[in-house]
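Enquirer: Can you read through this structure? Questions will come right after.
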Amino acid sequence: MTPTQWDFPVELCCRPMAFVTLTGLDVVYNAVHRAVWDAFCANRRADRVPISFKVLPGDHEYPKCRTKRTSYEWYIPKGILKTGWMNKHLNLVPALVVVFYELDWDEPQWKEKQSECATRVEIVRQSLQGRNTKVAVVLIQKKTPLPPGEDVIASERAAALCNACDLSGKSLFVLPHTDHLVGYIIRLENAFYEHAQTYYYTEIRRVKSHKEFLNKTTHQLLFVRHQFKIAFFSELKQDTQNALKNYRTAYNLVHELRAHETNMLEIKTMAGFINYKICRLCFQHNTPLDAIAQFRKHIDLCKKKIGSAELAFEHAAWMSKQFQAFGDLFDEAIKLGLTAIQTQNPGFYYQQAAYYAQERKQLASMLCNHDSSVVYPNPDPLETQTGVLDFYGQRPWRQGILSFDLSDPEKEKMGILSLQLKEKNVLHSELIITLLSNAVAQFKKYKCPRMKSHLMVQMGEEYYYAKDYAKALKLLDYVMCEYRSEGWWTLLTSILTTALKCSYLMAQLKDYITYSLELLGRASTLKEDQKSRIEKNLIKVLMNESPDPEPDCDAAAVKASQKLWADRVSLAGSNVFTIEVQDFIPFVQCKAKFLAPSFHVDVPVQFDVYLRADCPHPIRFSKLCISFNNQDYNQYCVVEEAYQKSDILEQSSQGTMCLVPGKTRKFTFKFVAKTEDVGKKITSVDLILGSESGRCVILNWRGGGGDAASSQEALQAARSFRRRPKLPDNEVHWDSLTIQASTMIISRVPNISVQLRHEPPALTNEMYCLIVTVQSHEETVAKDVKLTAGLKPGQDANLTQKTQVTLHGTDACDDSFPALLPDIPVGDLQPGEKLEKPIYIRCGTVGARMFLVYVSYLINTVVEGKEILCKCHRDETVTIETVFPFDVAVKFVSTKLEHLDRVFADIPFLLMTDILSASPWPLTIVSSQLQLSASMTPVDQLESYVENVVLQTGESASECFCLRCPPVTNASGVPTGCYIISWKRSSPVESVPVVNTVITLPHVIVESIPLHVNADLPSFGRVRESLPVRYHLQNKTNLVQDVEVSVEPSDAFMFSGLKQIRLRILPGTQQEMLYNFYPLMAGYQQLPCLHVNLLRFPNFTNQLLRRFIPTHIFVKPQGRQADNSIAAA
Amino acid sequence: VLVSVICSPPQNYPLYIRSVPTENELKFHYTVHTSLDVVDEKISAMGKALVDQRELYLGLLYPTEDYKVYGYVTNSKVKFVMVVDSSNTALRDNEIRSMFRKLHNSYTDIMCNPFYNPGDRIQSRAFDNMVNSMMMQVC
């Protein structure tokens, strides 16, 4: 029996192709023949016909054909299928033999050549006696043949040759050896393929013809055999549909066979073969569901057909092979484009194959546990005369025996024994691991991470059984974390238990300790007695002794490992192991906690470490130390206790360094922080088990403690509403503890006061005074007091540019001053001393600003008997609003105080300014000044009327200037100039500088008019007293103006003068018109209306005129001139 | 054989796991654990295609030679898994479905208990009894 007994034969697994032999080719010495042969074999791509070619000598002996049976009456078959049959038809018996022969049509010695060719054909025919194999002749010719029918000699000689060789015309071919060799070859092989198909067709017919001679009782096996043969020939014929159909029939026939323990293997073997063919063809036809259904049916039918109980492992091996082969077929189909899904992929079949391989191993270990005294039988019952079996699936010691009774029970026993002994030597683990790793690869592809992990665990366990502990450990260690993170503790415990065994057997100290730590921990589901055993072992290891062996280990391996452990003990190598615990769940839990999230630098930092053990026995440790990011503090946080070696197992829970299971132990530390430290963190907690003399294990918690499971536990604890039972004062509930891994060191609380005095709001551009008062309440001298004042950083960048801060308020500052004055040295402050500092701020824009006043100083203090120099500071911020001090309104009016939207050239008008105080504080207008632009001229002196005026909130100050504007050409507008107001806050502080606010005056549109009329009349009239009125008509153009003037009478007046006139005014001159009005009524009376009509300027309307001349006048009543009348009387 | 489990999101650790008979417990645990692969895949597929949100029963997760594994997932993604002997052909899909519904109801009852902290392993006599009765029915 070979180890590959269960593998399918190659001829079953290959794709059957028509077999054609080529004779008469000398491929070694003849270059032409070599080229022909190469053209046949090279580049056999899918588009070429499926033929397998073989070159054989012309006199090759083909397998002899047995004489045809005329009757099956007395024939009893000895088995289902002969082992050689498939190979025979794939590689030995050709469908077609081709005889190559070099012969041109114009061969001079034609006769001789023709007869030689006929002889060659005859020889081939002889050796194929009795077979239906076709024979064809190919003439290799040097010349390109002429088109058919043209070469008379050729057709004549061809017919003669056919006749001589007894060939049909269809079997004679010509192969001109020219440039287009490959093309000719392809045509040739297509013709061969047709011949081959005919051959296989006749073969199928031949096998079918046997059927009628068969009967159901004696020829059951032949039904299967014939059906299989038909299917196989169909495959050779490339008729896969019929092949499939026939295989299916064959499959059903196999299961109809009478089964018995003796022929069970044969039936299963054949069923397996046929099933393989069916599945293969189904995949090929792209009907994978059919393949799966067939396979399921096959397994269901065969699952229970165990056969001989003593050889039950054979059944498991066979099952395993079935699954594996199907997995391979499935995988191959996927490679060719089939898509598989998560729940239906080759992985499942490999997994099942592995499962049966495991079963095989178990059965083998059960059935083949022979004593070493049992020797392999001699003569070997598995030896056959030929070295191979005649029929597939038969027992070598009783080949061809169909009887169900055992003729020779002794021989049978020997046979079974030899099979069992052979099975003993099979490397089962190797087979299992291969299958598992196949499955792993598949499940990885189809998104089954958990299945993959599970299979890897199995692989690890198999490696463990195979005593490859290193590989086992590697695999187990790799998947452990998956189970840990998902919280499947039972599975994790089982994996850890195996891993612990591996590490014990390899005497891997660190691994052994790590797994022990976790198996003792709270995630382990081991029983107490197991934990107790592991803990004792762990303590032994820590005391530099060998641990007791793990249970259920191989005895020989234990022996070997004990020696390794002994070596480890004697070896004084590195005995310190640092174990990072956050990746697993050790039996010691740790939580570190600063008592507050922040500490002042002058207060000692308080820090607690809580420890708790989950192991069954109390455990001592030798040292607890904490590392901070500032290493200087580490020395303050160390607990150490020396103990005797023997103490470690002592049951008493005395001593500070002993952890009692289930109890929380607290360690308190206190230290003074360094003044330069801010924002400090605990980086790790180290707990040292063991002692320097033995082995030493450093458990290292990164951060403030906590391991792989603790975050989930903390979450659960936080959610829980469960009331915790009351504990004595000195104990705490583990779950209620929270980790506080970092604390902030903040500066000492300052003991000074900072006050700000100012009068908000600030006015734009003013030097705003902010008085800072610093008073020390310290008990010692505050040294190196520094003041930082100004705009608080981090506000709008524009504010920084529009804000200036200075210490000197007497003169206005410009833009070059900074927005923040940092670190102004102030000197020392004695206890109780008070210091005042004015700060001036200029705000260029309105809006709110935040100002910062920051006072820092140094002071000596004593903490825990240690003198430290603390830096303290106090800051104050204030938000100051900036507002405009006043609003300035400017307007243009005519001399009649009427609003002007435009002014007339050369005609005087008034500019009125109005300053309205918006400041909540009184303002002093120091002076004002009008700066006119060149295009404006003042009519009279420009002097300020508001000098030294004090404006309260809401009060306003107005000024009026008379101006005139010469005619201009541009119509868009003329700049007026600017108005400068010098002002300050009316404050008692004298030094407040004056602020100049410049207001740019609006542009004004200047228009020229053709005629200007101004009236010269008294300010009032009196009833019945003459009122002389003089109108001046002034021509402002360069033209002579025709003017029509008329005066409309009024009820209130009589008048004398020209009522209607037409006159001419020369350019630049003026005409005077004099009227004497005689008021008749008192009151505000309308004057007789003057109409002026310019003939050249129809646009000049009376409306415009009204702007210049008064329309009304106040007429006083006639006074009673008492004195006069009396005098008159 | 019947194993029933409840797993809680997001870690997928078992809240409750019980198998009869107990001798091959570890294997069932592995079977249940691996079946979560399929559950996860089905849940993610559910997210994509807007299937009926009320249908919580996932059906047969995957067939093995010896067992059938069924799944069920609640709207809050709590997963229920049942493993049944594949030789037990008497068990119909509808019965499995109703068993899951029973499990779900019992689980809901537990969640309604104010003293139960979601995420803790389930320790409830009522739940045990319900599972027992179910196992009795199947085995």
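Following the order of the structure tokens, first chain is A, next is B, and so on, with residues numbered from 1 inside each chain and ligands from 1 in the order they appear.
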Would you mind listing what lies within 10 Å of stretch 1047-1049 of chain A as a ChimeraX atom specification, with only C-alpha atoms counted and same-chain residues fewer than 4 positions away left out?
Expert: /A:1053-1055,1057-1061,1075,1087-1092
Enquirer: Save out the residues we just selected, N, CA and C atoms, as a PDB file, in the first residue's frame.
Expert:
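Heads up, here's the output in part_24.pdb:
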```pdb
ATOM      1  N   PHE A1053     -49.348 145.705  -1.220  1.00  0.00           N
ATOM      2  CA  PHE A1053     -48.435 146.811  -1.563  1.00  0.00           C
ATOM      3  C   PHE A1053     -48.973 147.622  -2.718  1.00  0.00           C
ATOM      4  N   MET A1054     -48.668 148.873  -2.635  1.00  0.00           N
ATOM      5  CA  MET A1054     -48.665 149.703  -3.845  1.00  0.00           C
ATOM      6  C   MET A1054     -47.212 149.852  -4.189  1.00  0.00           C
ATOM      7  N   PHE A1055     -46.930 150.073  -5.400  1.00  0.00           N
ATOM      8  CA  PHE A1055     -45.514 150.300  -5.694  1.00  0.00           C
ATOM      9  C   PHE A1055     -45.353 151.198  -6.877  1.00  0.00           C
ATOM     10  N   GLY A1057     -42.409 152.158  -9.952  1.00  0.00           N
ATOM     11  CA  GLY A1057     -41.236 151.643 -10.682  1.00  0.00           C
ATOM     12  C   GLY A1057     -41.709 151.021 -11.985  1.00  0.00           C
ATOM     13  N   LEU A1058     -40.758 150.403 -12.687  1.00  0.00           N
ATOM     14  CA  LEU A1058     -41.085 149.875 -13.992  1.00  0.00           C
ATOM     15  C   LEU A1058     -41.861 148.572 -13.813  1.00  0.00           C
ATOM     16  N   LYS A1059     -43.072 148.625 -14.281  1.00  0.00           N
ATOM     17  CA  LYS A1059     -43.916 147.442 -14.071  1.00  0.00           C
ATOM     18  C   LYS A1059     -43.541 146.342 -15.065  1.00  0.00           C
ATOM     19  N   GLN A1060     -43.274 146.758 -16.235  1.00  0.00           N
ATOM     20  CA  GLN A1060     -42.855 145.777 -17.260  1.00  0.00           C
ATOM     21  C   GLN A1060     -41.875 146.421 -18.182  1.00  0.00           C
ATOM     22  N   ILE A1061     -40.743 145.774 -18.383  1.00  0.00           N
ATOM     23  CA  ILE A1061     -39.711 146.403 -19.206  1.00  0.00           C
ATOM     24  C   ILE A1061     -38.921 145.309 -19.897  1.00  0.00           C
ATOM     25  N   TYR A1075     -37.432 150.117  -7.112  1.00  0.00           N
ATOM     26  CA  TYR A1075     -38.876 150.141  -6.888  1.00  0.00           C
ATOM     27  C   TYR A1075     -39.136 150.739  -5.545  1.00  0.00           C
ATOM     28  N   LEU A1087     -44.261 140.026  -1.114  1.00  0.00           N
ATOM     29  CA  LEU A1087     -43.845 141.191  -1.907  1.00  0.00           C
ATOM     30  C   LEU A1087     -44.422 141.065  -3.309  1.00  0.00           C
ATOM     31  N   PRO A1088     -44.572 142.145  -3.988  1.00  0.00           N
ATOM     32  CA  PRO A1088     -44.953 142.037  -5.397  1.00  0.00           C
ATOM     33  C   PRO A1088     -43.896 141.194  -6.113  1.00  0.00           C
ATOM     34  N   CYS A1089     -44.392 140.285  -6.866  1.00  0.00           N
ATOM     35  CA  CYS A1089     -43.491 139.268  -7.407  1.00  0.00           C
ATOM     36  C   CYS A1089     -42.753 139.773  -8.644  1.00  0.00           C
ATOM     37  N   LEU A1090     -41.445 139.609  -8.646  1.00  0.00           N
ATOM     38  CA  LEU A1090     -40.625 140.025  -9.780  1.00  0.00           C
ATOM     39  C   LEU A1090     -40.456 138.845 -10.727  1.00  0.00           C
ATOM     40  N   HIS A1091     -40.808 139.072 -11.957  1.00  0.00           N
ATOM     41  CA  HIS A1091     -40.592 138.015 -12.966  1.00  0.00           C
ATOM     42  C   HIS A1091     -39.506 138.448 -13.893  1.00  0.00           C
ATOM     43  N   VAL A1092     -38.598 137.562 -14.122  1.00  0.00           N
ATOM     44  CA  VAL A1092     -37.541 137.865 -15.091  1.00  0.00           C
ATOM     45  C   VAL A1092     -37.580 136.773 -16.145  1.00  0.00           C
TER      46      VAL A1092
END
```
Enquirer: Under the rule of at most 12 Å, produce a per-residue listing of chain B near chain A: chain, number, name, the closest pair of atoms, and the distance in Å, as CSV, using only C-alpha atoms.
Expert:
```
residue,atom,partner,partner_atom,distance
B:Val5,CA,A:Trp488,CA,11.8
B:Cys7,CA,A:Glu486,CA,10.1
B:Ser8,CA,A:Glu486,CA,10.1
B:Pro9,CA,A:Glu486,CA,9.9
B:Pro10,CA,A:Glu486,CA,8.8
B:Gln11,CA,A:Glu486,CA,5.1
B:Asn12,CA,A:Glu486,CA,5.7
B:Tyr13,CA,A:Gly487,CA,4.8
B:Pro14,CA,A:Trp488,CA,6.7
B:Leu15,CA,A:Trp488,CA,9.8
B:Tyr16,CA,A:Trp488,CA,11.0
B:Ile17,CA,A:Trp488,CA,10.5
B:Glu25,CA,A:Thr490,CA,9.5
B:Leu26,CA,A:Leu491,CA,6.9
B:Lys27,CA,A:Leu491,CA,9.2
B:Phe28,CA,A:Leu491,CA,10.3
B:His29,CA,A:Leu491,CA,7.2
B:Tyr30,CA,A:His454,CA,6.7
B:Thr31,CA,A:Met451,CA,8.5
B:Val32,CA,A:Arg450,CA,9.8
B:His33,CA,A:Arg450,CA,6.7
B:Thr34,CA,A:Met451,CA,4.7
B:Ser35,CA,A:Met451,CA,7.7
B:Leu36,CA,A:Arg450,CA,7.4
B:Asp37,CA,A:Cys448,CA,5.2
B:Val38,CA,A:Gln342,CA,7.2
B:Val39,CA,A:Cys448,CA,10.3
B:Asp40,CA,A:Cys448,CA,9.4
B:Glu41,CA,A:Lys447,CA,8.1
B:Lys42,CA,A:Gln342,CA,10.0
B:Ser44,CA,A:Lys447,CA,12.0
B:Leu60,CA,A:Thr343,CA,10.1
B:Leu61,CA,A:Thr343,CA,7.5
B:Tyr62,CA,A:Thr343,CA,5.8
B:Pro63,CA,A:Thr343,CA,8.2
B:Thr64,CA,A:Phe348,CA,8.0
B:Glu65,CA,A:Gln352,CA,7.6
B:Asp66,CA,A:Gln352,CA,10.4
B:Val69,CA,A:Thr343,CA,11.5
B:Ser87,CA,A:Asp300,CA,11.5
B:Asn113,CA,A:Phe721,CA,11.4
B:Pro114,CA,A:Phe721,CA,8.2
B:Phe115,CA,A:Arg722,CA,6.6
B:Tyr116,CA,A:Ser720,CA,7.9
B:Asn117,CA,A:Ser720,CA,5.3
B:Pro118,CA,A:Gln716,CA,7.8
B:Gly119,CA,A:Gln716,CA,6.7
B:Asp120,CA,A:Gln716,CA,7.2
B:Arg121,CA,A:Gln716,CA,10.7
```
Enquirer: Where does DSSP see helix (DSSP H, G or I) in chain B, if you list the residues as a PyMOL selection string?
Expert: chain B and resi 25-48+93-112+125-138
Enquirer: Can you tell me which residues surround A:Leu435 at a distance of at most 8 Å, considering only C-alpha atoms, apart from same-chain residues fewer than 5 positions away, and format the answer as a list in words?
Expert: Gln324, Tyr350, Gln351, Ala353 and Ala354 of chain A
Enquirer: As a list in words, please: the residues near A:Ala819 (cut-off 8 Å, only C-alpha atoms, same-chain neighbours under 5 positions excluded).
Expert: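 Near A:Ala819, the qualifying residues are Gly790, Leu791, Thr800, Gln801, Thr803, Gln804 and Val805 of chain A.
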Enquirer: Mind writing the picked residues with N, CA and C atoms as a PDB file, in the first residue's frame?
Expert:
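Once written, result06.pdb looks like this:
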```
ATOM      1  N   GLY A 790      -2.228  94.955  27.852  1.00  0.00           N
ATOM      2  CA  GLY A 790      -2.543  95.311  26.469  1.00  0.00           C
ATOM      3  C   GLY A 790      -3.674  94.462  25.940  1.00  0.00           C
ATOM      4  N   LEU A 791      -3.781  94.525  24.637  1.00  0.00           N
ATOM      5  CA  LEU A 791      -4.845  93.796  23.968  1.00  0.00           C
ATOM      6  C   LEU A 791      -4.609  92.301  24.167  1.00  0.00           C
ATOM      7  N   THR A 800      -5.466  94.398  16.478  1.00  0.00           N
ATOM      8  CA  THR A 800      -4.085  94.573  16.897  1.00  0.00           C
ATOM      9  C   THR A 800      -3.478  95.803  16.228  1.00  0.00           C
ATOM     10  N   GLN A 801      -3.863  96.019  14.965  1.00  0.00           N
ATOM     11  CA  GLN A 801      -3.281  97.161  14.252  1.00  0.00           C
ATOM     12  C   GLN A 801      -3.936  98.465  14.657  1.00  0.00           C
ATOM     13  N   THR A 803      -4.967  99.233  17.656  1.00  0.00           N
ATOM     14  CA  THR A 803      -4.908  99.442  19.087  1.00  0.00           C
ATOM     15  C   THR A 803      -3.451  99.679  19.467  1.00  0.00           C
ATOM     16  N   GLN A 804      -3.207 100.713  20.224  1.00  0.00           N
ATOM     17  CA  GLN A 804      -1.849 100.968  20.692  1.00  0.00           C
ATOM     18  C   GLN A 804      -1.872 101.165  22.195  1.00  0.00           C
ATOM     19  N   VAL A 805      -0.820 100.660  22.802  1.00  0.00           N
ATOM     20  CA  VAL A 805      -0.749 100.756  24.252  1.00  0.00           C
ATOM     21  C   VAL A 805       0.559 101.426  24.614  1.00  0.00           C
TER      22      VAL A 805
END
```
Enquirer: Go ahead and compute the interatomic distance for atom CA of A:Phe671 and atom CA of A:Gly704, in Å to one decimal.
Expert: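 Straight-line distance from atom CA of A:Phe671 to atom CA of A:Gly704 works out to 17.4 Å.
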Enquirer: Taking the DSSP secondary structure from the backbone, can you list the residues of stretch 127-326 of chain A that are strand (DSSP E), as a PyMOL selection string?
Expert: chain A and resi 134-141+172-176
Enquirer: When you draw a straight line from atom CA of A:Leu787 to atom CA of A:Asp823, how long is it in Å?
Expert: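 Between atom CA of A:Leu787 and atom CA of A:Asp823 the gap is 5.1 Å.
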Enquirer: For A:Val749, which residue out of A:Asn537, A:Thr861, A:Thr1069, A:Thr23 is the nearest one, using only C-alpha atoms?
Expert: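 Once distances to A:Val749 are computed over only C-alpha atoms, the minimum belongs to A:Thr861.
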Enquirer: Rounded to one decimal place, report the atom CA of A:Gln141-atom CA of A:Trp105 distance in Å.
Expert: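 According to the coordinates, atom CA of A:Gln141 and atom CA of A:Trp105 are separated by 8.0 Å.
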Enquirer: If we count only C-alpha atoms and set the cut-off at 10 Å, which residues sit around A:Tyr465, ignoring sequence neighbours fewer than 3 positions away in its own chain? Please answer as a ChimeraX atom specification.
Expert: /A:428-429,459-462,468-469,472,502,553-554
Enquirer: What would the file look like if the residues just selected were written as a PDB file, in the first residue's frame with C-alpha atoms?
Expert:
```pdb
ATOM      1  CA  HIS A 428      -1.849  11.861   9.776  1.00  0.00           C
ATOM      2  CA  SER A 429      -1.082  15.253  11.262  1.00  0.00           C
ATOM      3  CA  MET A 459      -3.956  23.561  12.919  1.00  0.00           C
ATOM      4  CA  GLY A 460      -2.151  24.633  16.048  1.00  0.00           C
ATOM      5  CA  GLU A 461      -3.556  21.721  17.964  1.00  0.00           C
ATOM      6  CA  GLU A 462      -2.582  19.367  15.181  1.00  0.00           C
ATOM      7  CA  ASP A 468       5.906  20.590  16.414  1.00  0.00           C
ATOM      8  CA  TYR A 469       5.403  22.800  19.429  1.00  0.00           C
ATOM      9  CA  ALA A 472       1.750  25.209  17.280  1.00  0.00           C
ATOM     10  CA  CYS A 502       3.448  23.713  24.242  1.00  0.00           C
ATOM     11  CA  CYS A 553       1.159  15.392  27.686  1.00  0.00           C
ATOM     12  CA  ASP A 554       3.067  12.829  25.753  1.00  0.00           C
TER      13      ASP A 554
END
```
Enquirer: Find the spatial neighbours of A:Ala291, counting only C-alpha atoms, within a cut-off of 12 Å - ignore same-chain residues fewer than 3 positions away - and output them as a ChimeraX atom specification.
Expert: /A:244,248,275-288,294-298,326-327,329-330,333
Enquirer: Can you spit out the residues from that selection as a PDB file, in the first residue's frame, using N, CA and C atoms?
Expert:
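Below is the file again_10.pdb, written as the result:
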```pdb
ATOM      1  N   LEU A 244     -21.626  12.668 -19.475  1.00  0.00           N
ATOM      2  CA  LEU A 244     -22.245  12.953 -18.181  1.00  0.00           C
ATOM      3  C   LEU A 244     -23.454  12.036 -17.958  1.00  0.00           C
ATOM      4  N   ARG A 248     -23.750   9.253 -15.038  1.00  0.00           N
ATOM      5  CA  ARG A 248     -24.840   9.256 -14.061  1.00  0.00           C
ATOM      6  C   ARG A 248     -25.504   7.872 -13.984  1.00  0.00           C
ATOM      7  N   ASN A 275     -18.302   9.546  -9.352  1.00  0.00           N
ATOM      8  CA  ASN A 275     -18.749  10.807  -8.773  1.00  0.00           C
ATOM      9  C   ASN A 275     -17.791  11.927  -9.165  1.00  0.00           C
ATOM     10  N   TYR A 276     -16.512  11.612  -9.116  1.00  0.00           N
ATOM     11  CA  TYR A 276     -15.518  12.622  -9.479  1.00  0.00           C
ATOM     12  C   TYR A 276     -15.730  13.086 -10.916  1.00  0.00           C
ATOM     13  N   LYS A 277     -15.946  12.099 -11.788  1.00  0.00           N
ATOM     14  CA  LYS A 277     -16.151  12.442 -13.208  1.00  0.00           C
ATOM     15  C   LYS A 277     -17.403  13.303 -13.374  1.00  0.00           C
ATOM     16  N   ILE A 278     -18.479  12.912 -12.680  1.00  0.00           N
ATOM     17  CA  ILE A 278     -19.740  13.664 -12.834  1.00  0.00           C
ATOM     18  C   ILE A 278     -19.541  15.107 -12.371  1.00  0.00           C
ATOM     19  N   CYS A 279     -18.941  15.270 -11.170  1.00  0.00           N
ATOM     20  CA  CYS A 279     -18.753  16.619 -10.632  1.00  0.00           C
ATOM     21  C   CYS A 279     -17.872  17.446 -11.567  1.00  0.00           C
ATOM     22  N   ARG A 280     -16.856  16.802 -12.052  1.00  0.00           N
ATOM     23  CA  ARG A 280     -15.931  17.483 -12.940  1.00  0.00           C
ATOM     24  C   ARG A 280     -16.642  17.998 -14.194  1.00  0.00           C
ATOM     25  N   LEU A 281     -17.468  17.112 -14.766  1.00  0.00           N
ATOM     26  CA  LEU A 281     -18.193  17.505 -15.978  1.00  0.00           C
ATOM     27  C   LEU A 281     -19.226  18.584 -15.671  1.00  0.00           C
ATOM     28  N   CYS A 282     -19.870  18.478 -14.496  1.00  0.00           N
ATOM     29  CA  CYS A 282     -20.855  19.506 -14.138  1.00  0.00           C
ATOM     30  C   CYS A 282     -20.187  20.871 -14.029  1.00  0.00           C
ATOM     31  N   PHE A 283     -19.040  20.905 -13.394  1.00  0.00           N
ATOM     32  CA  PHE A 283     -18.316  22.178 -13.296  1.00  0.00           C
ATOM     33  C   PHE A 283     -17.920  22.659 -14.682  1.00  0.00           C
ATOM     34  N   GLN A 284     -17.524  21.697 -15.511  1.00  0.00           N
ATOM     35  CA  GLN A 284     -17.107  22.057 -16.871  1.00  0.00           C
ATOM     36  C   GLN A 284     -18.286  22.642 -17.653  1.00  0.00           C
ATOM     37  N   HIS A 285     -19.490  22.100 -17.386  1.00  0.00           N
ATOM     38  CA  HIS A 285     -20.688  22.615 -18.062  1.00  0.00           C
ATOM     39  C   HIS A 285     -21.247  23.843 -17.387  1.00  0.00           C
ATOM     40  N   ASN A 286     -20.514  24.340 -16.391  1.00  0.00           N
ATOM     41  CA  ASN A 286     -20.917  25.539 -15.664  1.00  0.00           C
ATOM     42  C   ASN A 286     -22.271  25.352 -14.956  1.00  0.00           C
ATOM     43  N   THR A 287     -22.465  24.151 -14.409  1.00  0.00           N
ATOM     44  CA  THR A 287     -23.648  23.924 -13.586  1.00  0.00           C
ATOM     45  C   THR A 287     -23.178  23.488 -12.204  1.00  0.00           C
ATOM     46  N   PRO A 288     -22.578  24.438 -11.464  1.00  0.00           N
ATOM     47  CA  PRO A 288     -21.979  24.052 -10.177  1.00  0.00           C
ATOM     48  C   PRO A 288     -22.999  23.510  -9.186  1.00  0.00           C
ATOM     49  N   GLN A 294     -24.918  16.551  -6.682  1.00  0.00           N
ATOM     50  CA  GLN A 294     -24.409  15.195  -6.907  1.00  0.00           C
ATOM     51  C   GLN A 294     -23.480  14.789  -5.774  1.00  0.00           C
ATOM     52  N   PHE A 295     -22.630  15.733  -5.383  1.00  0.00           N
ATOM     53  CA  PHE A 295     -21.665  15.406  -4.341  1.00  0.00           C
ATOM     54  C   PHE A 295     -22.386  15.113  -3.023  1.00  0.00           C
ATOM     55  N   ARG A 296     -23.373  15.922  -2.701  1.00  0.00           N
ATOM     56  CA  ARG A 296     -24.135  15.699  -1.456  1.00  0.00           C
ATOM     57  C   ARG A 296     -24.788  14.320  -1.485  1.00  0.00           C
ATOM     58  N   LYS A 297     -25.368  13.981  -2.649  1.00  0.00           N
ATOM     59  CA  LYS A 297     -26.032  12.691  -2.806  1.00  0.00           C
ATOM     60  C   LYS A 297     -25.017  11.566  -2.592  1.00  0.00           C
ATOM     61  N   HIS A 298     -23.877  11.755  -3.206  1.00  0.00           N
ATOM     62  CA  HIS A 298     -22.802  10.773  -3.126  1.00  0.00           C
ATOM     63  C   HIS A 298     -22.409  10.553  -1.669  1.00  0.00           C
ATOM     64  N   PHE A 326     -13.327  17.088  -4.184  1.00  0.00           N
ATOM     65  CA  PHE A 326     -14.380  18.013  -4.589  1.00  0.00           C
ATOM     66  C   PHE A 326     -13.941  19.456  -4.353  1.00  0.00           C
ATOM     67  N   GLY A 327     -13.285  19.652  -3.221  1.00  0.00           N
ATOM     68  CA  GLY A 327     -12.749  20.996  -2.945  1.00  0.00           C
ATOM     69  C   GLY A 327     -11.814  21.440  -4.062  1.00  0.00           C
ATOM     70  N   LEU A 329     -11.780  20.399  -7.179  1.00  0.00           N
ATOM     71  CA  LEU A 329     -12.549  20.668  -8.403  1.00  0.00           C
ATOM     72  C   LEU A 329     -13.214  22.026  -8.324  1.00  0.00           C
ATOM     73  N   PHE A 330     -13.807  22.296  -7.156  1.00  0.00           N
ATOM     74  CA  PHE A 330     -14.495  23.558  -6.931  1.00  0.00           C
ATOM     75  C   PHE A 330     -13.508  24.721  -7.091  1.00  0.00           C
ATOM     76  N   ALA A 333     -12.599  25.305 -10.633  1.00  0.00           N
ATOM     77  CA  ALA A 333     -13.681  25.970 -11.363  1.00  0.00           C
ATOM     78  C   ALA A 333     -13.684  27.462 -11.055  1.00  0.00           C
TER      79      ALA A 333
END
```
Enquirer: Check the smallest atom-to-atom distance from each of B:Ala45, B:Lys68, B:Arg18, B:Ile96 to B:Val84 using only C-alpha atoms, then report the winner.
Expert: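 Comparing B:Ala45, B:Lys68, B:Arg18, B:Ile96 against B:Val84, the winner is B:Lys68.
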Enquirer: Give me the residues near stretch 1093-1099 of chain A as a short mmCIF file (atom, residue, chain, number, x, y, z; two decimals) with C-alpha atoms, in the first residue's frame, where near means some atom within 9 Å (using only C-alpha atoms) and where sequence neighbours in that chain fewer than 2 positions away do not count.
Expert:
```
data_model
loop_
_atom_site.label_atom_id
_atom_site.label_comp_id
_atom_site.auth_asym_id
_atom_site.auth_seq_id
_atom_site.Cartn_x
_atom_site.Cartn_y
_atom_site.Cartn_z
CA PRO A 1010 -26.82 133.14 -16.71
CA LEU A 1011 -28.28 135.83 -14.57
CA GLN A 1041 -28.81 139.31 -22.57
CA ASP A 1042 -32.28 140.35 -23.53
CA VAL A 1043 -34.27 140.49 -20.36
CA GLU A 1044 -37.98 140.94 -19.83
CA VAL A 1045 -38.76 142.12 -16.35
CA SER A 1046 -42.18 142.49 -14.97
CA HIS A 1091 -40.59 138.02 -12.97
CA THR A 1101 -37.24 130.13 -14.44
CA ASN A 1102 -38.79 132.17 -11.75
#
```
